[in-house]
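For reference, structure_24.cif (mmCIF, C-alpha atoms):
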data_input
#
loop_
_atom_site.label_atom_id
_atom_site.label_comp_id
_atom_site.auth_asym_id
_atom_site.auth_seq_id
_atom_site.Cartn_x
_atom_site.Cartn_y
_atom_site.Cartn_z
CA MET A 18 -26.12 -70.03 34.37
CA LEU A 19 -25.21 -66.36 34.65
CA ILE A 20 -21.80 -67.30 35.95
CA ARG A 21 -21.28 -69.83 33.21
CA SER A 22 -22.21 -67.32 30.57
CA SER A 23 -20.04 -64.56 32.00
CA ALA A 24 -17.05 -66.88 32.12
CA ALA A 25 -17.76 -67.69 28.50
CA ILE A 26 -17.81 -63.97 27.69
CA ALA A 27 -14.50 -63.50 29.47
CA ALA A 28 -13.08 -66.39 27.46
CA ALA A 29 -14.38 -64.83 24.25
CA CYS A 30 -12.83 -61.48 25.21
CA LEU A 31 -9.45 -62.98 25.84
CA ILE A 32 -9.54 -65.21 22.82
CA SER A 33 -10.30 -62.11 20.80
CA ALA A 34 -6.90 -60.88 21.95
CA ALA A 35 -5.59 -63.66 19.75
CA ALA A 36 -8.16 -63.19 17.05
CA GLY A 37 -7.69 -59.44 16.91
CA ALA A 38 -4.66 -60.78 16.04
CA GLN A 39 -5.42 -62.81 13.08
CA SER A 40 -3.54 -60.19 11.15
CA ALA A 41 -1.42 -58.79 13.97
CA LYS A 42 -0.70 -60.22 17.39
CA PRO A 43 -1.25 -57.97 20.43
CA THR A 44 1.61 -55.56 21.05
CA ASP A 45 3.55 -55.34 24.31
CA PRO A 46 1.71 -52.13 25.38
CA GLN A 47 -1.62 -53.91 24.72
CA ILE A 48 -0.51 -57.09 26.50
CA ALA A 49 0.61 -55.05 29.53
CA HIS A 50 -2.78 -53.33 29.61
CA ILE A 51 -4.72 -56.60 29.32
CA ALA A 52 -2.66 -58.30 32.04
CA TYR A 53 -2.95 -55.33 34.40
CA THR A 54 -6.70 -55.04 33.76
CA ALA A 55 -7.23 -58.76 34.37
CA GLY A 56 -5.40 -58.43 37.70
CA GLN A 57 -7.35 -55.35 38.75
CA ILE A 58 -10.63 -57.14 37.96
CA ASP A 59 -9.70 -59.93 40.35
CA ILE A 60 -8.69 -57.42 43.05
CA ASP A 61 -12.08 -55.70 42.71
CA ALA A 62 -13.89 -59.05 42.88
CA ALA A 63 -11.90 -59.96 46.01
CA LYS A 64 -12.70 -56.63 47.65
CA GLN A 65 -16.40 -57.28 47.05
CA ALA A 66 -15.96 -60.71 48.67
CA GLN A 67 -14.10 -59.21 51.64
CA ALA A 68 -17.04 -56.87 52.20
CA LYS A 69 -19.76 -59.51 51.82
CA THR A 70 -18.54 -62.90 53.03
CA THR A 71 -18.73 -64.26 56.55
CA ASN A 72 -16.97 -67.49 55.59
CA LYS A 73 -13.42 -67.64 57.02
CA ASP A 74 -11.96 -69.65 54.12
CA VAL A 75 -13.55 -67.43 51.48
CA ARG A 76 -12.22 -64.34 53.27
CA THR A 77 -8.73 -65.84 53.43
CA PHE A 78 -8.88 -66.62 49.71
CA ALA A 79 -10.04 -63.07 48.92
CA ASP A 80 -7.22 -61.66 51.08
CA ASP A 81 -4.75 -63.81 49.13
CA MET A 82 -6.13 -62.54 45.82
CA VAL A 83 -5.80 -58.89 46.82
CA ARG A 84 -2.26 -59.41 48.11
CA ASP A 85 -0.95 -61.44 45.14
CA HIS A 86 -2.63 -59.56 42.30
CA SER A 87 -1.56 -56.23 43.84
CA ALA A 88 2.03 -57.52 44.00
CA VAL A 89 1.95 -58.72 40.38
CA ASN A 90 0.41 -55.46 39.17
CA GLN A 91 3.01 -53.44 41.07
CA GLN A 92 5.74 -55.47 39.33
CA ALA A 93 4.00 -54.76 36.01
CA LEU A 94 3.88 -51.02 36.73
CA ASP A 95 7.55 -51.00 37.73
CA LEU A 96 8.46 -52.91 34.58
CA VAL A 97 6.56 -50.71 32.10
CA LYS A 98 8.08 -47.66 33.77
CA LYS A 99 11.56 -49.13 33.47
CA LEU A 100 10.97 -50.08 29.83
CA GLY A 101 9.37 -46.74 28.99
CA VAL A 102 6.25 -48.54 27.74
CA THR A 103 2.82 -46.92 28.05
CA PRO A 104 0.10 -49.58 28.47
CA GLU A 105 -2.42 -49.18 25.68
CA ASP A 106 -6.16 -49.57 26.19
CA ASN A 107 -7.73 -51.95 23.68
CA ASP A 108 -10.92 -53.84 22.86
CA THR A 109 -9.93 -56.86 24.96
CA SER A 110 -9.29 -54.77 28.09
CA ARG A 111 -12.52 -52.84 27.59
CA ALA A 112 -14.58 -56.01 27.07
CA LEU A 113 -13.02 -57.60 30.17
CA SER A 114 -13.83 -54.55 32.31
CA LYS A 115 -17.41 -54.38 31.04
CA GLN A 116 -17.99 -58.07 31.70
CA ALA A 117 -16.44 -57.79 35.18
CA THR A 118 -18.71 -54.87 36.08
CA GLU A 119 -21.72 -56.98 35.10
CA GLU A 120 -20.43 -59.93 37.10
CA ARG A 121 -19.96 -57.79 40.23
CA ALA A 122 -23.54 -56.49 39.84
CA THR A 123 -24.80 -60.07 39.66
CA LEU A 124 -22.82 -61.10 42.74
CA ALA A 125 -23.96 -57.98 44.62
CA LYS A 126 -27.50 -59.38 44.63
CA LEU A 127 -26.40 -62.54 46.44
CA SER A 128 -25.51 -63.08 50.08
CA GLY A 129 -24.39 -65.79 52.51
CA PRO A 130 -23.48 -69.22 51.12
CA ALA A 131 -25.05 -68.38 47.74
CA PHE A 132 -22.63 -65.47 47.34
CA ASP A 133 -19.66 -67.55 48.52
CA LYS A 134 -20.36 -70.35 46.06
CA ALA A 135 -20.95 -67.98 43.15
CA TYR A 136 -17.83 -65.93 43.92
CA VAL A 137 -15.58 -68.97 44.21
CA LYS A 138 -17.09 -70.65 41.16
CA ASN A 139 -16.44 -67.50 39.16
CA GLU A 140 -12.88 -67.34 40.49
CA VAL A 141 -12.26 -70.86 39.17
CA ALA A 142 -13.69 -70.00 35.75
CA TYR A 143 -11.98 -66.60 35.59
CA HIS A 144 -8.52 -67.92 36.49
CA LYS A 145 -8.96 -70.78 34.03
CA THR A 146 -9.77 -68.30 31.27
CA VAL A 147 -6.97 -65.86 32.11
CA ASN A 148 -4.43 -68.69 32.45
CA GLY A 149 -5.50 -70.10 29.09
CA ALA A 150 -5.11 -66.69 27.45
CA LEU A 151 -1.70 -66.14 29.07
CA ALA A 152 -0.40 -69.51 27.93
CA SER A 153 -1.86 -69.52 24.42
CA THR A 154 -1.71 -65.86 23.40
CA LEU A 155 -0.27 -63.26 25.73
CA ILE A 156 3.03 -64.95 26.67
CA PRO A 157 3.81 -66.19 23.14
CA SER A 158 2.97 -62.74 21.72
CA ALA A 159 5.10 -60.74 24.17
CA SER A 160 8.28 -59.44 22.55
CA ASN A 161 10.18 -58.05 25.52
CA PRO A 162 11.88 -60.86 27.47
CA GLU A 163 11.29 -59.17 30.85
CA LEU A 164 7.58 -58.78 30.10
CA LYS A 165 7.45 -62.39 28.92
CA GLY A 166 9.21 -63.45 32.13
CA LEU A 167 6.82 -61.54 34.38
CA LEU A 168 3.80 -62.98 32.55
CA GLY A 169 5.32 -66.45 32.98
CA THR A 170 5.72 -65.96 36.74
CA GLY A 171 2.20 -64.50 36.83
CA LEU A 172 0.87 -67.62 35.12
CA LYS A 173 2.42 -69.88 37.79
CA ILE A 174 0.93 -67.69 40.54
CA PHE A 175 -2.51 -67.70 38.91
CA GLN A 176 -2.39 -71.46 38.31
CA GLY A 177 -1.87 -71.69 42.09
CA HIS A 178 -4.93 -69.47 42.60
CA GLN A 179 -6.98 -71.65 40.27
CA GLU A 180 -6.03 -74.78 42.21
CA HIS A 181 -6.76 -73.01 45.52
CA ALA A 182 -10.16 -71.87 44.19
CA GLU A 183 -10.96 -75.38 42.96
CA HIS A 184 -10.25 -76.84 46.42
CA LEU A 185 -12.38 -74.15 48.02
CA ALA A 186 -15.24 -74.71 45.56
CA ALA A 187 -15.20 -78.43 46.41
CA GLU A 188 -15.36 -77.61 50.16
CA LEU A 189 -18.31 -75.24 49.69
CA LYS A 190 -20.45 -77.87 47.97
CA MET B 10 33.22 -93.91 67.86
CA LEU B 11 30.80 -92.35 70.25
CA ALA B 12 32.28 -88.92 69.63
CA ALA B 13 31.99 -89.40 65.89
CA GLY B 14 28.38 -90.39 66.41
CA TRP B 15 27.69 -87.21 68.31
CA CYS B 16 29.43 -85.21 65.63
CA THR B 17 27.35 -86.55 62.78
CA ALA B 18 24.18 -85.97 64.79
CA ARG B 19 24.87 -82.25 65.26
CA ALA B 20 21.91 -80.15 64.14
CA GLU B 21 22.30 -78.33 60.86
CA THR B 22 20.56 -75.46 59.16
CA LEU B 23 19.36 -76.46 55.71
CA PRO B 24 18.48 -73.75 53.19
CA VAL B 25 15.44 -74.22 50.95
CA THR B 26 15.03 -71.50 48.35
CA ILE B 27 11.78 -70.53 46.69
CA ASN B 28 12.20 -68.97 43.27
CA GLY B 29 9.63 -68.77 40.50
CA LEU B 30 7.17 -70.73 42.66
CA VAL B 31 9.46 -73.73 43.03
CA PHE B 32 10.91 -75.15 46.26
CA ALA B 33 14.57 -76.13 45.80
CA PRO B 34 15.50 -78.74 46.67
CA VAL B 35 12.05 -80.22 46.21
CA GLU B 36 12.99 -83.20 48.39
CA ILE B 37 14.88 -82.33 51.55
CA HIS B 38 16.76 -84.86 53.66
CA ALA B 39 17.15 -83.81 57.28
CA LYS B 40 17.18 -85.20 60.79
CA VAL B 41 15.32 -84.34 63.97
CA GLY B 42 16.68 -81.11 65.44
CA ASP B 43 17.72 -79.64 62.08
CA ILE B 44 16.43 -76.24 61.08
CA ILE B 45 14.99 -75.48 57.67
CA ASN B 46 15.73 -71.93 56.53
CA TRP B 47 13.04 -71.05 53.95
CA ILE B 48 14.37 -68.32 51.65
CA ASN B 49 11.70 -66.64 49.53
CA GLN B 50 13.25 -64.95 46.48
CA ASP B 51 9.84 -64.22 44.89
CA PHE B 52 7.87 -60.97 45.02
CA VAL B 53 4.79 -62.70 46.45
CA ALA B 54 4.38 -64.28 49.90
CA HIS B 55 4.54 -68.05 50.18
CA ALA B 56 3.83 -70.61 52.86
CA ALA B 57 5.28 -73.99 53.70
CA THR B 58 2.44 -76.02 55.17
CA ALA B 59 2.73 -79.64 56.29
CA ARG B 60 0.06 -81.75 54.61
CA GLY B 61 -0.93 -83.20 58.00
CA GLY B 62 -1.13 -79.72 59.52
CA GLU B 63 1.70 -80.12 62.02
CA TRP B 64 3.40 -76.89 60.92
CA ASP B 65 2.63 -73.91 58.77
CA VAL B 66 5.13 -71.13 58.18
CA MET B 67 4.60 -68.00 56.14
CA ILE B 68 7.52 -66.51 54.23
CA ALA B 69 7.15 -62.88 53.21
CA PRO B 70 8.48 -61.71 49.82
CA HIS B 71 12.30 -61.48 49.76
CA GLN B 72 12.49 -62.71 53.37
CA SER B 73 13.42 -65.92 55.14
CA THR B 74 11.85 -67.90 57.97
CA SER B 75 13.20 -70.76 60.06
CA LEU B 76 11.49 -73.97 61.12
CA LYS B 77 12.87 -76.57 63.57
CA LEU B 78 12.10 -80.19 62.77
CA ASN B 79 10.96 -81.98 65.90
CA ARG B 80 9.76 -85.34 64.67
CA ALA B 81 11.11 -88.05 62.39
CA GLY B 82 9.13 -89.08 59.35
CA ARG B 83 8.27 -88.18 55.80
CA ILE B 84 6.30 -84.96 55.53
CA ASP B 85 4.74 -83.71 52.33
CA PHE B 86 4.27 -79.95 52.30
CA TYR B 87 2.80 -77.34 49.98
CA CYS B 88 2.20 -73.60 49.75
CA ARG B 89 -1.35 -72.92 50.90
CA PHE B 90 -1.48 -69.74 48.78
CA HIS B 91 -0.30 -71.58 45.65
CA PRO B 92 -1.05 -75.30 46.13
CA ASN B 93 0.72 -76.08 42.86
CA MET B 94 3.98 -75.64 44.88
CA ARG B 95 4.87 -78.87 46.63
CA GLY B 96 7.80 -80.60 48.30
CA THR B 97 8.78 -83.33 50.75
CA ILE B 98 11.02 -83.47 53.81
CA VAL B 99 12.40 -86.83 54.89
CA ILE B 100 13.40 -86.50 58.55
CA ALA B 101 15.65 -89.15 60.07
CA PRO B 102 15.69 -89.78 63.84
CA GLU B 103 18.28 -87.74 65.77
#

Structure rendered as structure tokens:
Amino acid sequence: MLIRSSAAIAAACLISAAAGAQSAKPTDPQIAHIAYTAGQIDIDAAKQAQAKTTNKDVRTFADDMVRDHSAVNQQALDLVKKLGVTPEDNDTSRALSKQATEERATLAKLSGPAFDKAYVKNEVAYHKTVNGALASTLIPSASNPELKGLLGTGLKIFQGHQEHAEHLAAELK
Amino acid sequence: MLAAGWCTARAETLPVTINGLVFAPVEIHAKVGDIINWINQDFVAHAATARGGEWDVMIAPHQSTSLKLNRAGRIDFYCRFHPNMRGTIVIAPE
């Protein structure tokens, strides 16, 4: 229930990126900040899983998340530096970070298979939400073609993560 | 005739590039003894993992890895890090 509601909050946060947007779509500096924040949230979640899980497949998945999201975020940092863009904090990024902190606190209370299931279930929901926001709002709103391109590659990577997490969730049942 | 036969059966190295999370070509035609050279042009690591588990190679970002094909058959493979990446190798007998 908690997980379901937090995924819903994350969805609301990201959709607000579009809604904030009823008058003006998010700017490239805001999009860069949201995308970087969303990646960092998943790295932090994975680091929590690395510290808590004893399940080999869950650990492998968490390792993959740290490696891939770190690589994407490094590309993002390199790109904003090259473009001379300063990522701009915004309500969507702040809401995502707040929700993620709450989610980590919830997961911190769990252990063993209960933690594994909750972590992986949240990874499915979180990637689904982020991928939806990328496809519907962030990519279409991005002005710079290189930023748009990186977000597009990121989406393919994260769709892979979602599928991986879905397989893992099915195995943990 | 025999010599020509030997010639055509000579092992080859077949490049398969990975760019933007896509294997190209997505269907590879090879024969036993050939070597697949997996070339990862992406900034994230990928894997080429046979669906039946008979091989699993990891390809670091901007690196390449080779794999020798030892058995004839049709093998579906995927990237175990990004299972939305898929391909097939059709391997003819030597």

Pull out every residue of chain A sitting within 12 Å of chain B, counting all atoms listed in the file, and send them as number ranges by chain. A: 74, 77-93, 166-185

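The residues returned by the PyMOL selection byres ((chain B and resi 82) around 7) for this structure are Arg80, Ala81, Arg83, Ile84, Val99, Ile100 and Ala101 of chain B.
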
What is the distance between CA of Leu127 in chain A and CA of Arg111 in chain A, in Å to one decimal?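 These two atoms are separated by 25.3 Å.
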
Residues returned when the PyMOL selection byres ((chain B and resi 24) around 9) runs on this file, as a PyMOL selection string: chain B and resi 22-23+25-26+33-34+44-48

Å distance separating CA of Asp65 in chain B from CA of Glu140 in chain A, one decimal place: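 So the answer is 24.9 Å.
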
So the first atom is CA of Ala66 in chain A and the second is CA of Val66 in chain B; what is the distance between them in Å, to one decimal place?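 The value is 25.4 Å.
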
Output the residue selection produced by the PyMOL selection byres ((chain A and resi 132) around 12) on the file above, formatted as a VMD selection string. chain A and resid 20 62 65 to 72 75 120 to 131 133 to 139 186 189

Skip Asp43 in chain B itself and residues of its chain fewer than 5 positions away, then list as a ChimeraX atom specification all residues within 10 Å of it, counting all atoms listed in the file. /B:18-23,38,76-79,100-101,103

For each of A:Lys98, A:Lys42, A:His144, A:His50, take the minimum atom-to-atom distance to Ser110 in chain A, counting only C-alpha atoms, then give the residue where this is smallest. A:His50

If you count all atoms listed in the file, which residues fall within 8 Å of Asp45 in chain A, apart from same-chain ones fewer than 5 positions away, as an mmCIF file with C-alpha atoms, keeping the file's coordinate frame?
data_model
loop_
_atom_site.group_PDB
_atom_site.id
_atom_site.type_symbol
_atom_site.label_atom_id
_atom_site.label_comp_id
_atom_site.auth_asym_id
_atom_site.auth_seq_id
_atom_site.Cartn_x
_atom_site.Cartn_y
_atom_site.Cartn_z
ATOM 1 C CA PRO A 104 0.100 -49.580 28.470
ATOM 2 C CA SER A 158 2.970 -62.740 21.720
ATOM 3 C CA ALA A 159 5.100 -60.740 24.170
ATOM 4 C CA SER A 160 8.280 -59.440 22.550
ATOM 5 C CA ASN A 161 10.180 -58.050 25.520
ATOM 6 C CA LEU A 164 7.580 -58.780 30.100
#
